[in-house]
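The next block is input-v3.txt, given as compact mmCIF, C-alpha atoms.
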# COMPACT_ATOMS: atom_id res chain seq x y z
CA MET A 1 63.09 64.88 50.25
CA PRO A 2 62.04 68.47 49.51
CA PHE A 3 64.81 71.04 49.47
CA ASN A 4 64.75 72.74 52.84
CA PRO A 5 68.20 74.02 53.71
CA VAL A 6 67.13 75.65 56.93
CA LYS A 7 64.29 74.43 59.07
CA PRO A 8 63.51 77.26 61.42
CA VAL A 9 61.88 77.03 64.78
CA ARG A 10 58.54 78.75 64.30
CA ARG A 11 58.26 81.50 66.87
CA VAL A 12 56.24 84.38 65.54
CA ARG A 13 56.57 87.59 67.45
CA ALA A 14 55.05 90.90 66.59
CA SER A 15 57.52 92.72 68.73
CA TYR A 16 60.48 92.20 70.92
CA ALA A 17 61.20 94.18 74.06
CA GLY A 18 64.32 93.90 76.10
CA ALA A 19 67.09 95.81 77.78
CA GLY A 20 65.52 99.16 77.11
CA CYS A 21 65.12 98.52 73.40
CA ARG A 22 62.00 97.89 71.34
CA TRP A 23 62.00 96.11 68.01
CA LEU A 24 58.82 96.08 66.01
CA VAL A 25 57.98 93.86 63.07
CA LEU A 26 55.68 95.21 60.38
CA LEU A 27 53.84 93.06 57.91
CA SER A 28 54.58 93.69 54.27
CA ALA A 29 52.28 96.29 52.77
CA GLY A 30 48.96 94.97 51.53
CA ALA A 31 49.18 91.71 53.45
CA ALA A 32 45.78 90.06 53.43
CA ALA A 33 46.50 86.81 55.18
CA TRP A 34 49.44 86.06 57.44
CA ALA A 35 50.11 82.52 56.28
CA ALA A 36 49.94 83.26 52.58
CA THR A 37 52.06 86.39 52.50
CA PRO A 38 55.69 87.11 53.11
CA HIS A 39 56.40 88.09 56.64
CA ILE A 40 59.12 88.45 59.18
CA ASP A 41 59.15 85.34 61.28
CA HIS A 42 60.79 86.73 64.37
CA ILE A 43 63.48 89.02 65.67
CA GLU A 44 65.96 88.12 68.36
CA LEU A 45 68.71 89.80 70.27
CA LEU A 46 72.16 88.50 69.51
CA GLY A 47 74.72 89.39 72.12
CA THR A 48 74.67 92.95 73.35
CA ASN A 49 74.75 94.96 70.15
CA LEU A 50 73.13 92.86 67.41
CA VAL A 51 69.71 91.57 66.43
CA THR A 52 68.81 88.78 64.02
CA ILE A 53 65.78 88.99 61.74
CA HIS A 54 64.33 85.66 60.56
CA PHE A 55 62.04 85.15 57.57
CA ASP A 56 61.18 82.68 54.84
CA THR A 57 61.40 83.42 51.13
CA ASP A 58 59.62 81.89 48.16
CA ALA A 59 61.36 80.88 44.96
CA ASN A 60 61.72 83.39 42.13
CA ARG A 61 60.83 86.46 44.18
CA THR A 62 63.07 89.33 45.23
CA TYR A 63 62.90 90.38 48.87
CA THR A 64 64.06 93.61 50.42
CA LEU A 65 64.38 93.95 54.16
CA GLN A 66 63.86 97.58 55.07
CA TYR A 67 64.16 99.51 58.30
CA LEU A 68 63.01 102.76 59.83
CA ASP A 69 64.19 104.34 63.06
CA HIS A 70 61.28 106.67 63.73
CA LEU A 71 57.51 106.48 63.23
CA ALA A 72 55.06 109.26 63.86
CA ALA A 73 53.43 108.86 67.25
CA GLY A 74 50.11 107.00 67.16
CA THR A 75 50.62 105.53 63.69
CA ASN A 76 52.27 102.53 62.16
CA THR A 77 52.80 104.11 58.79
CA ALA A 78 55.48 106.27 57.26
CA ALA A 79 56.24 107.81 53.93
CA SER A 80 57.46 105.08 51.60
CA ASP A 81 60.67 106.94 50.91
CA ALA A 82 61.44 107.07 54.61
CA TRP A 83 62.38 103.40 54.65
CA SER A 84 65.96 102.35 54.03
CA ASN A 85 67.12 99.07 52.60
CA LEU A 86 69.00 96.82 54.96
CA THR A 87 69.47 93.88 52.59
CA VAL A 88 68.20 93.01 49.13
CA ILE A 89 67.79 89.29 48.49
CA PRO A 90 67.80 88.45 44.79
CA ALA A 91 65.39 85.84 43.47
CA THR A 92 66.61 82.27 43.71
CA PRO A 93 65.04 79.15 42.18
CA PHE A 94 64.26 77.69 45.61
CA ASN A 95 62.51 78.55 48.85
CA ASN A 96 64.83 79.53 51.64
CA HIS A 97 65.00 80.81 55.18
CA TYR A 98 67.13 83.81 56.03
CA VAL A 99 68.65 84.99 59.26
CA LEU A 100 69.95 88.50 58.78
CA VAL A 101 71.98 90.48 61.26
CA ASP A 102 71.56 94.13 62.11
CA ASN A 103 73.31 96.41 64.57
CA ARG A 104 71.50 97.76 67.61
CA THR A 105 72.35 101.37 66.94
CA ASN A 106 69.15 102.96 68.22
CA GLN A 107 66.75 102.49 71.08
CA HIS A 108 64.16 101.15 68.65
CA ARG A 109 63.98 100.20 64.98
CA PHE A 110 61.12 99.07 62.72
CA TYR A 111 61.47 96.48 59.96
CA ARG A 112 59.37 95.51 57.00
CA LEU A 113 59.76 93.04 54.17
CA SER A 114 59.14 94.23 50.63
CA VAL A 115 58.55 91.60 47.96
CA THR A 116 58.50 91.64 44.17
CA PRO A 117 56.80 90.40 42.09
CA MET B 118 101.30 76.25 14.18
CA ASN B 119 104.52 75.72 16.14
CA GLN B 120 102.68 73.38 18.48
CA ARG B 121 101.49 71.40 15.47
CA LEU B 122 105.01 71.10 14.15
CA PHE B 123 106.21 70.05 17.56
CA PHE B 124 103.55 67.36 17.68
CA VAL B 125 104.42 66.06 14.20
CA GLY B 126 108.05 66.05 15.24
CA LEU B 127 107.22 63.96 18.25
CA LEU B 128 105.38 61.47 16.08
CA MET B 129 108.37 61.13 13.79
CA LEU B 130 110.76 60.83 16.68
CA PHE B 131 108.87 57.94 18.20
CA ALA B 132 107.94 56.20 14.96
CA PRO B 133 108.56 52.48 15.22
CA SER B 134 111.14 50.90 13.01
CA GLY B 135 108.66 48.64 11.23
CA LEU B 136 105.48 46.73 12.01
CA ALA B 137 104.46 43.94 9.74
CA CYS B 138 100.70 43.50 10.12
CA ASP B 139 97.45 45.02 11.29
CA LEU B 140 97.23 42.83 14.34
CA CYS B 141 100.76 43.77 15.22
CA ALA B 142 99.63 47.37 15.13
CA VAL B 143 96.64 46.56 17.33
CA TYR B 144 98.82 44.60 19.70
CA SER B 145 101.28 47.46 19.83
CA ALA B 146 98.47 49.98 20.25
CA THR B 147 97.13 48.11 23.24
CA ASP B 148 100.57 48.18 24.72
CA ALA B 149 100.97 51.88 24.06
CA ARG B 150 97.63 52.68 25.65
CA GLU B 151 98.22 50.64 28.73
CA GLY B 152 101.81 51.76 29.01
CA SER B 153 102.85 48.73 30.97
CA ARG B 154 106.30 48.02 29.59
CA ASP B 155 109.32 48.64 31.77
CA GLY B 156 110.60 52.15 31.99
CA PHE B 157 109.47 55.72 32.16
CA HIS B 158 106.33 57.13 30.66
CA PHE B 159 104.78 60.54 30.78
CA THR B 160 101.15 61.51 30.34
CA ILE B 161 99.49 64.87 29.94
CA ALA B 162 95.74 64.69 30.33
CA GLU B 163 93.19 67.45 30.22
CA GLN B 164 89.65 67.51 31.49
CA PHE B 165 87.39 70.44 30.74
CA ILE B 166 83.93 70.71 32.26
CA PRO B 167 81.59 73.70 31.97
CA PHE B 168 79.18 73.85 34.90
CA ARG B 169 76.51 76.10 33.50
CA THR B 170 73.35 74.09 34.03
CA PHE B 171 71.30 74.78 37.16
CA ARG B 172 69.59 71.86 38.82
CA LEU B 173 67.40 71.82 41.90
CA GLU B 174 66.90 68.33 43.34
CA GLY B 175 67.64 66.85 39.92
CA GLU B 176 65.30 69.12 37.97
CA LYS B 177 66.63 71.67 35.51
CA VAL B 178 65.78 75.20 36.63
CA SER B 179 66.60 78.65 35.39
CA SER B 180 68.45 81.20 37.45
CA SER B 181 68.95 84.87 36.83
CA SER B 182 72.27 84.81 38.68
CA GLY B 183 74.28 83.68 35.66
CA ASP B 184 76.66 81.81 37.97
CA PHE B 185 78.98 79.34 36.30
CA VAL B 186 82.26 77.47 36.54
CA ASP B 187 84.40 76.48 33.58
CA SER B 188 86.76 73.97 35.09
CA SER B 189 89.99 72.89 33.45
CA ILE B 190 92.32 70.41 35.10
CA THR B 191 95.55 69.48 33.39
CA HIS B 192 97.17 66.38 34.83
CA LEU B 193 100.92 65.98 34.47
CA VAL B 194 101.63 62.34 35.16
CA PRO B 195 105.19 61.04 35.17
CA GLY B 196 105.34 57.32 35.80
CA TYR B 197 107.70 54.43 36.02
CA ASN B 198 107.00 50.76 35.41
CA PHE B 199 109.33 48.55 37.41
CA SER B 200 108.02 45.58 35.45
CA GLU B 201 105.07 44.74 33.23
CA ARG B 202 103.07 44.03 36.36
CA PHE B 203 104.04 46.84 38.67
CA GLY B 204 104.34 50.56 38.19
CA VAL B 205 103.85 53.88 39.94
CA ASN B 206 102.48 57.21 38.77
CA LEU B 207 102.70 60.67 40.24
CA ASN B 208 99.75 62.88 39.39
CA LEU B 209 100.44 66.62 39.42
CA PRO B 210 97.22 68.46 38.58
CA VAL B 211 97.16 72.07 37.47
CA VAL B 212 93.77 73.63 38.08
CA TYR B 213 92.25 76.58 36.26
CA ARG B 214 88.67 77.57 36.99
CA SER B 215 86.93 80.56 35.52
CA PHE B 216 83.77 81.32 37.43
CA GLN B 217 81.05 83.61 38.65
CA ARG B 218 79.32 83.11 41.97
CA SER B 219 76.67 85.33 43.53
CA ASP B 220 76.32 84.79 47.20
CA PHE B 221 75.81 86.31 50.60
CA ARG B 222 78.75 86.97 52.83
CA TYR B 223 77.79 86.83 56.49
CA SER B 224 79.50 88.59 59.33
CA LEU B 225 78.93 89.08 63.02
CA THR B 226 79.18 92.83 62.81
CA GLY B 227 76.38 93.72 60.42
CA PRO B 228 73.97 92.64 57.71
CA PRO B 229 75.19 90.10 55.15
CA VAL B 230 76.53 91.53 51.94
CA PHE B 231 75.45 90.13 48.60
CA GLU B 232 78.49 89.79 46.37
CA VAL B 233 78.92 88.82 42.74
CA GLU B 234 82.41 87.44 42.31
CA ARG B 235 83.63 86.93 38.76
CA ASP B 236 87.17 85.69 38.76
CA SER B 237 89.40 82.69 38.17
CA GLU B 238 91.33 80.25 40.31
CA PHE B 239 94.66 78.94 39.11
CA GLY B 240 97.10 76.77 40.93
CA ALA B 241 98.47 73.35 41.67
CA GLY B 242 95.95 70.84 42.90
CA ASP B 243 96.43 67.89 45.20
CA VAL B 244 99.33 65.63 44.26
CA ALA B 245 98.57 61.91 44.16
CA LEU B 246 100.90 58.92 44.18
CA ILE B 247 99.29 55.83 42.67
CA GLY B 248 100.60 52.30 42.32
CA ARG B 249 99.44 49.80 39.70
CA PHE B 250 99.61 46.05 39.95
CA THR B 251 98.49 43.82 37.09
CA VAL B 252 96.74 40.79 38.54
CA PHE B 253 95.96 39.12 35.21
CA ASP B 254 97.88 39.62 32.00
CA LEU B 255 97.17 37.78 28.80
CA ARG B 256 98.56 39.44 25.67
CA GLU B 257 98.62 37.55 22.42
CA MET B 258 98.52 38.67 18.84
CA LYS B 259 94.82 37.95 18.36
CA ARG B 260 93.48 38.53 21.83
CA GLY B 261 94.28 40.16 25.10
CA PHE B 262 92.86 40.40 28.60
CA VAL B 263 94.47 42.52 31.29
CA VAL B 264 93.16 43.27 34.74
CA SER B 265 94.98 45.72 36.99
CA VAL B 266 94.31 47.11 40.43
CA LEU B 267 95.37 50.55 41.55
CA ALA B 268 95.79 52.12 44.94
CA GLY B 269 97.22 55.39 46.05
CA VAL B 270 97.12 58.43 48.26
CA LYS B 271 96.16 61.97 47.44
CA PHE B 272 98.04 64.53 49.49
CA PRO B 273 96.67 67.91 50.63
CA THR B 274 99.08 69.99 48.57
CA GLY B 275 96.60 72.25 46.78
CA ASP B 276 95.48 75.63 48.00
CA THR B 277 92.50 75.51 50.38
CA ASP B 278 91.79 79.17 51.10
CA ARG B 279 88.28 78.87 49.69
CA ILE B 280 87.45 75.85 51.81
CA ARG B 281 88.67 77.65 54.92
CA ASP B 282 86.52 80.62 54.00
CA GLU B 283 83.47 78.41 53.45
CA VAL B 284 83.92 76.73 56.82
CA GLU B 285 84.31 80.15 58.44
CA GLN B 286 81.02 81.25 56.87
CA THR B 287 79.38 78.13 58.29
CA ILE B 288 80.65 78.98 61.77
CA ILE B 289 79.27 82.52 61.50
CA PHE B 290 75.94 81.31 60.09
CA ASP B 291 75.67 78.70 62.85
CA SER B 292 76.10 81.37 65.50
CA LEU B 293 73.14 83.31 64.08
CA GLN B 294 70.73 80.39 64.47
CA PRO B 295 68.65 80.02 67.60
CA PRO B 296 70.06 77.22 69.76
CA GLY B 297 68.89 73.82 68.61
CA THR B 298 67.69 74.97 65.19
CA PRO B 299 68.41 72.26 62.64
CA HIS B 300 69.91 73.76 59.53
CA ASP B 301 72.16 72.88 56.65
CA PRO B 302 75.83 73.65 57.25
CA LEU B 303 75.90 75.32 53.84
CA GLY B 304 72.61 77.15 54.50
CA HIS B 305 74.47 80.43 54.17
CA ALA B 306 75.03 79.82 50.46
CA VAL B 307 72.44 80.63 47.81
CA SER B 308 74.69 80.12 44.79
CA GLY B 309 74.86 76.87 42.85
CA VAL B 310 78.63 77.36 42.89
CA HIS B 311 80.12 76.77 46.31
CA GLN B 312 83.53 77.81 47.52
CA HIS B 313 84.64 74.18 47.78
CA ASP B 314 83.70 73.70 44.10
CA LEU B 315 86.41 76.20 43.20
CA SER B 316 89.13 75.10 45.57
CA PRO B 317 92.24 73.66 43.86
CA GLY B 318 92.98 71.57 46.96
CA SER B 319 90.83 69.45 49.24
CA GLY B 320 92.90 69.89 52.39
CA SER B 321 92.69 66.18 53.10
CA PHE B 322 94.62 62.95 52.70
CA ASP B 323 92.40 60.76 50.53
CA GLY B 324 92.60 57.14 49.48
CA ILE B 325 92.32 56.22 45.80
CA PHE B 326 91.39 52.72 44.71
CA GLY B 327 90.84 51.49 41.20
CA LEU B 328 90.33 48.54 38.92
CA THR B 329 90.96 48.51 35.19
CA LEU B 330 89.96 45.91 32.65
CA ASN B 331 91.20 45.83 29.07
CA SER B 332 90.03 43.05 26.77
CA ARG B 333 90.55 42.63 23.04
CA TRP B 334 89.55 40.16 20.36
CA ASP B 335 91.01 40.85 16.96
CA ARG B 336 89.92 44.41 16.12
CA TRP B 337 87.32 44.60 18.84
CA PHE B 338 87.88 45.59 22.43
CA PHE B 339 86.00 46.20 25.62
CA ASN B 340 87.54 48.36 28.31
CA GLY B 341 86.33 49.40 31.71
CA GLN B 342 87.50 51.02 34.88
CA ALA B 343 86.26 51.72 38.35
CA GLN B 344 87.64 54.30 40.75
CA TYR B 345 86.78 54.95 44.35
CA TYR B 346 87.91 58.00 46.27
CA LEU B 347 87.85 57.57 50.02
CA ARG B 348 87.72 61.08 51.39
CA THR B 349 88.82 62.22 54.80
CA GLU B 350 88.34 65.49 56.66
CA GLY B 351 90.66 68.43 56.14
CA GLU B 352 90.30 72.10 57.16
CA GLY B 353 86.91 71.27 58.72
CA PHE B 354 85.54 70.07 55.39
CA GLU B 355 85.15 66.54 54.08
CA PHE B 356 84.27 65.93 50.45
CA GLY B 357 81.86 63.05 49.94
CA ASP B 358 83.29 59.72 48.81
CA GLU B 359 83.17 59.27 45.06
CA LEU B 360 82.64 56.22 42.87
CA LEU B 361 83.20 56.33 39.14
CA VAL B 362 82.63 53.42 36.76
CA SER B 363 83.09 53.65 33.01
CA VAL B 364 82.82 50.82 30.50
CA GLY B 365 82.33 50.43 26.80
CA PRO B 366 83.02 48.50 23.64
CA GLY B 367 85.19 49.74 20.83
CA ALA B 368 86.88 48.82 17.59
CA TYR B 369 90.05 49.65 15.72
CA LEU B 370 88.95 51.58 12.64
CA ILE B 371 92.39 51.93 11.12
CA THR B 372 95.20 49.47 11.67
CA ASN B 373 98.13 50.73 9.73
CA PRO B 374 101.50 49.11 10.46
CA ARG B 375 102.64 52.44 11.88
CA TYR B 376 99.53 53.75 13.56
CA THR B 377 96.04 52.84 14.68
CA LEU B 378 92.82 54.70 15.20
CA SER B 379 90.11 53.35 17.45
CA LEU B 380 86.64 54.42 18.45
CA GLN B 381 84.97 53.45 21.70
CA GLY B 382 81.53 54.09 23.10
CA VAL B 383 81.80 54.81 26.81
CA ALA B 384 79.08 54.78 29.44
CA THR B 385 80.03 56.41 32.73
CA TYR B 386 78.35 56.25 36.11
CA GLU B 387 79.48 58.68 38.75
CA THR B 388 78.18 59.19 42.24
CA MET B 389 79.41 61.57 44.89
CA ALA B 390 78.17 61.39 48.46
CA ARG B 391 77.16 64.45 50.43
CA ASP B 392 79.99 66.60 51.74
CA ARG B 393 80.43 67.22 55.43
CA VAL B 394 81.12 70.59 56.96
CA LEU B 395 82.32 70.52 60.56
CA GLY B 396 81.12 66.92 60.72
CA ARG B 397 77.59 67.63 59.42
CA LYS B 398 76.28 66.44 56.08
CA SER B 399 75.11 69.09 53.65
CA ASP B 400 71.97 68.44 51.62
CA ARG B 401 73.22 70.96 49.10
CA THR B 402 75.98 68.66 47.89
CA GLY B 403 76.33 65.26 46.29
CA LEU B 404 75.08 64.00 42.96
CA THR B 405 74.71 60.94 40.81
CA ALA B 406 75.17 61.16 37.06
CA TRP B 407 75.11 58.96 33.97
CA TYR B 408 77.05 59.93 30.88
CA VAL B 409 77.60 58.43 27.46
CA GLY B 410 80.02 59.53 24.81
CA PRO B 411 82.55 58.60 22.20
CA GLN B 412 86.25 58.23 22.75
CA LEU B 413 88.82 58.28 19.99
CA GLY B 414 92.18 56.63 20.45
CA PHE B 415 95.24 57.07 18.30
CA THR B 416 98.53 55.27 18.68
CA TRP B 417 101.79 55.67 16.88
CA GLY B 418 103.83 52.54 17.27
CA ASP B 419 104.18 51.45 20.84
CA ARG B 420 105.47 54.71 22.26
CA LEU B 421 102.75 57.26 21.75
CA SER B 422 99.06 57.14 22.41
CA VAL B 423 96.55 59.96 22.15
CA GLN B 424 92.98 59.90 23.41
CA ALA B 425 90.11 62.32 23.27
CA GLY B 426 86.51 61.92 24.29
CA ALA B 427 83.38 63.60 25.49
CA ASP B 428 80.77 62.66 28.06
CA LEU B 429 77.24 63.84 27.49
CA PRO B 430 74.93 63.69 30.50
CA LEU B 431 72.02 61.28 30.20
CA ARG B 432 70.73 61.84 33.69
CA ILE B 433 71.90 63.90 36.66
CA SER B 434 70.32 63.61 40.06
CA ASN B 435 71.65 66.13 42.53
CA ASN B 436 70.89 67.30 46.04
CA GLY B 437 69.77 70.86 46.61
CA PHE B 438 70.65 73.61 44.17
CA GLN B 439 73.84 73.10 42.20
CA ASN B 440 75.57 74.00 38.98
CA VAL B 441 76.10 70.69 37.19
CA PRO B 442 78.12 69.75 34.09
CA ASP B 443 76.81 70.62 30.63
CA TYR B 444 79.23 68.03 29.25
CA ARG B 445 82.75 66.82 29.91
CA PHE B 446 85.64 66.81 27.52
CA HIS B 447 88.79 64.83 28.20
CA GLY B 448 91.88 64.25 26.17
CA GLY B 449 95.53 63.51 26.57
CA PHE B 450 98.58 61.76 25.34
CA THR B 451 101.14 59.36 26.75
CA LEU B 452 104.73 59.02 25.73
CA ARG B 453 106.76 55.97 26.64
CA PHE B 454 110.53 56.13 26.82
Now, as a test, write the supplied structure out as structure tokens.
Amino acid sequence: MPFNPVKPVRRVRASYAGAGCRWLVLLSAGAAAWAATPHIDHIELLGTNLVTIHFDTDANRTYTLQYLDHLAAGTNTAASDAWSNLTVIPATPFNNHYVLVDNRTNQHRFYRLSVTP
Amino acid sequence: MNQRLFFVGLLMLFAPSGLACDLCAVYSATDAREGSRDGFHFTIAEQFIPFRTFRLEGEKVSSSSGDFVDSSITHLVPGYNFSERFGVNLNLPVVYRSFQRSDFRYSLTGPPVFEVERDSEFGAGDVALIGRFTVFDLREMKRGFVVSVLAGVKFPTGDTDRIRDEVEQTIIFDSLQPPGTPHDPLGHAVSGVHQHDLSPGSGSFDGIFGLTLNSRWDRWFFNGQAQYYLRTEGEGFEFGDELLVSVGPGAYLITNPRYTLSLQGVATYETMARDRVLGRKSDRTGLTAWYVGPQLGFTWGDRLSVQAGADLPLRISNNGFQNVPDYRFHGGFTLRF
């Protein structure tokens, strides 16, 4: 049986709106095809003051989940140094699925997944 | 140097008054090894296992984490034989594990934190009380055949802080999953070294069952043993049941009237079922392994026996991603009073 420690329910959402908050998922930079590239699977509210961010990882690649609280109006881009790291996931020898927690500190927050190599 | 002198002193202290022939020495050696005469006996046994090989579903893989465990368990085993057929042993393990584990630590108040913990665990393990009953006993000068059964209980006396912490991480990780999402109870762990791998205690009352077979013809012998550990749940965690079978032929290389030296080739089969966390099986635990290796035996009269051996893995099939043994070293000595 292939190693699959977490089998997520596939519910892809580009954004989540609720209770006056807006959470936007951004594809990793340079993504050419959704299925073949790393991406955030979905974001959910957890209780009243937390959100969970779900994504898959491939073996032997390092992932960094980054966030940004403000984007310039009318764009979906920002200076690369404007992003902050939420969590760095070191490379592991196996594929995995992560569910990371973040605090709902602002009215909205943007996330992106950076991958190397 | 002082330890060496102490050891030589022990040998002299327990030297037999006089043995007339090689077979007598072999006969006496068998008796010393099996330790089945009436009275007290005391064994100190050591097992050292470095877990520095990474395996994913049985395949060797490399990992940049550098995680490892060097596990040392010293067993202090006082025992008493009420007769040649019946005896009891108390096993008092002392556990020392040097390790590194790189893993996420989840919480319900913020993002998980990736931690690299390089430390050691030292403490008393789980105490076990084991009874032995010899069901067949043939001991003659030229040949011997002894079959014994063992049964006992392992008590949850060892420290279980790490198991409690692992179960707590499972509870937190579970609460982050969408309702109904199937996931591994140890899905929060990315290290090949789990918390329960480091825990000196299991937290559970476990059953221990065994069978030993010792046969000898002249200078040749064939010994084997089987052990089964029936695990129960403790602290929300249940280690998988374990079966261990080791057999092998051997020969006495030196049969001096005072001492003997033997060499045995041992093949070992070991299988551990998947562990359960909060009642759910984890696909990141459990393995089956085959080992082969030599074992040297030394006896001095009928009161002292010393053994040392190594197990080299032939094949290891494991579930998920785990650190598995590079090899296993075991040695020890028994004194009979």
Rows by chain and residue number, chain B within 10 Å of chain A, shortest pair, all atoms listed in the file, as CSV:
residue,atom,partner,partner_atom,distance
B:Phe171,CA,A:Pro93,CA,9.1
B:Arg172,CA,A:Pro93,CA,9.2
B:Leu173,CA,A:Phe94,CA,7.6
B:Glu174,CA,A:Phe3,CA,7.0
B:Val178,CA,A:Pro93,CA,6.9
B:Ser179,CA,A:Pro93,CA,7.0
B:Ser180,CA,A:Pro93,CA,6.2
B:Ser181,CA,A:Ala91,CA,7.6
B:Ser182,CA,A:Thr92,CA,8.0
B:Ser219,CA,A:Pro90,CA,9.5
B:Asp220,CA,A:Pro90,CA,9.6
B:Phe221,CA,A:Ile89,CA,8.8
B:Tyr223,CA,A:Leu100,CA,8.3
B:Ser224,CA,A:Val101,CA,8.0
B:Leu225,CA,A:Val101,CA,7.3
B:Thr226,CA,A:Asn103,CA,7.1
B:Gly227,CA,A:Asp102,CA,5.1
B:Pro228,CA,A:Val101,CA,4.6
B:Pro229,CA,A:Leu100,CA,6.6
B:Val230,CA,A:Thr87,CA,7.5
B:Phe231,CA,A:Ile89,CA,7.7
B:Phe290,CA,A:Val99,CA,8.2
B:Ser292,CA,A:Leu46,CA,9.1
B:Leu293,CA,A:Val99,CA,6.8
B:Gln294,CA,A:Val99,CA,7.3
B:Pro295,CA,A:Val9,CA,7.9
B:Pro296,CA,A:Val9,CA,9.6
B:Gly297,CA,A:Val9,CA,8.6
B:Thr298,CA,A:Pro8,CA,6.1
B:Pro299,CA,A:Lys7,CA,5.9
B:His300,CA,A:Val6,CA,4.2
B:Asp301,CA,A:Pro5,CA,5.1
B:Pro302,CA,A:Pro5,CA,8.4
B:Leu303,CA,A:Pro5,CA,7.8
B:Gly304,CA,A:Pro5,CA,5.5
B:His305,CA,A:Tyr98,CA,8.3
B:Ala306,CA,A:Pro5,CA,9.5
B:Val307,CA,A:Thr92,CA,7.3
B:Ser308,CA,A:Thr92,CA,8.4
B:Gly309,CA,A:Thr92,CA,9.9
B:Ser399,CA,A:Pro5,CA,8.5
B:Asp400,CA,A:Pro5,CA,7.1
B:Arg401,CA,A:Pro5,CA,7.5
B:Asn436,CA,A:Phe3,CA,7.9
B:Gly437,CA,A:Phe3,CA,5.7
B:Phe438,CA,A:Phe94,CA,7.7
### Message
Which residues are close to segment 327-344 of chain B, i.e. within 7 Å by only C-alpha atoms, leaving aside same-chain residues fewer than 2 positions away? Reply as a PyMOL selection string.
### Response
chain B and resi 259-268+325+346+360-369
### Query
Mind pulling up the distance from atom CA of Gly403 of chain B to atom CA of Thr388 of chain B?
7.5 Å
### Message
One decimal, in Å: what's the spacing between atom CA of Ile161 of chain B and atom CA of Pro195 of chain B?
### Response
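Atom CA of Ile161 of chain B sits 8.6 Å away from atom CA of Pro195 of chain B.
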### Message
I'd like to know which of B:Thr160, B:Gln381, B:Ser215, B:Asn206 is closest to Leu193 of chain B, using only C-alpha atoms.
### Response
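When distances to Leu193 of chain B are compared using only C-alpha atoms, the smallest one comes from B:Thr160.
What separates atom CA of Val270 of chain B from atom CA of Ile166 of chain B is a distance of 24.1 Å.
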So that I can check the surroundings of Glu201 of chain B, please list as a PDB file with C-alpha atoms, in the coordinates of the input every protein, DNA and RNA residue that reaches within 12 Å of it, counting all atoms listed in the file and ignoring chain neighbours fewer than 4 positions away.
ATOM      1  CA  ASP B 148     100.570  48.180  24.720  1.00  0.00           C
ATOM      2  CA  GLU B 151      98.220  50.640  28.730  1.00  0.00           C
ATOM      3  CA  GLY B 152     101.810  51.760  29.010  1.00  0.00           C
ATOM      4  CA  SER B 153     102.850  48.730  30.970  1.00  0.00           C
ATOM      5  CA  ARG B 154     106.300  48.020  29.590  1.00  0.00           C
ATOM      6  CA  ASP B 155     109.320  48.640  31.770  1.00  0.00           C
ATOM      7  CA  GLY B 156     110.600  52.150  31.990  1.00  0.00           C
ATOM      8  CA  PHE B 157     109.470  55.720  32.160  1.00  0.00           C
ATOM      9  CA  TYR B 197     107.700  54.430  36.020  1.00  0.00           C
ATOM     10  CA  VAL B 205     103.850  53.880  39.940  1.00  0.00           C
ATOM     11  CA  ARG B 249      99.440  49.800  39.700  1.00  0.00           C
ATOM     12  CA  PHE B 250      99.610  46.050  39.950  1.00  0.00           C
ATOM     13  CA  THR B 251      98.490  43.820  37.090  1.00  0.00           C
ATOM     14  CA  VAL B 252      96.740  40.790  38.540  1.00  0.00           C
ATOM     15  CA  PHE B 253      95.960  39.120  35.210  1.00  0.00           C
ATOM     16  CA  ASP B 254      97.880  39.620  32.000  1.00  0.00           C
ATOM     17  CA  LEU B 255      97.170  37.780  28.800  1.00  0.00           C
ATOM     18  CA  ARG B 256      98.560  39.440  25.670  1.00  0.00           C
ATOM     19  CA  VAL B 263      94.470  42.520  31.290  1.00  0.00           C
ATOM     20  CA  SER B 265      94.980  45.720  36.990  1.00  0.00           C
TER      21      SER B 265
END
### Task
For Leu404 of chain B, please output as a VMD selection string all residues within 8 Å (counting all atoms listed in the file; exclusion window: fewer than 2 positions along the same chain).
chain B and resid 388 to 391 402 406 433 to 436
Once N, CA and C atoms are restored for segment 406-412 of chain B, what would the output be as a short mmCIF file (atom, residue, chain, number, x, y, z; two decimals), in the coordinates of the input?
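File produced: result-v4.cif:
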data_model
loop_
_atom_site.label_atom_id
_atom_site.label_comp_id
_atom_site.auth_asym_id
_atom_site.auth_seq_id
_atom_site.Cartn_x
_atom_site.Cartn_y
_atom_site.Cartn_z
N ALA B 406 75.32 60.81 38.47
CA ALA B 406 75.17 61.16 37.06
C ALA B 406 75.51 59.98 36.17
N TRP B 407 74.82 59.93 35.03
CA TRP B 407 75.11 58.96 33.97
C TRP B 407 75.52 59.74 32.73
N TYR B 408 76.59 59.29 32.11
CA TYR B 408 77.05 59.93 30.88
C TYR B 408 77.27 58.87 29.81
N VAL B 409 77.15 59.27 28.58
CA VAL B 409 77.60 58.43 27.46
C VAL B 409 78.37 59.34 26.50
N GLY B 410 79.28 58.72 25.77
CA GLY B 410 80.02 59.53 24.81
C GLY B 410 81.05 58.71 24.07
N PRO B 411 81.54 59.29 23.00
CA PRO B 411 82.55 58.60 22.20
C PRO B 411 83.95 58.89 22.72
N GLN B 412 84.85 57.98 22.43
CA GLN B 412 86.25 58.23 22.75
C GLN B 412 87.11 57.74 21.59
#
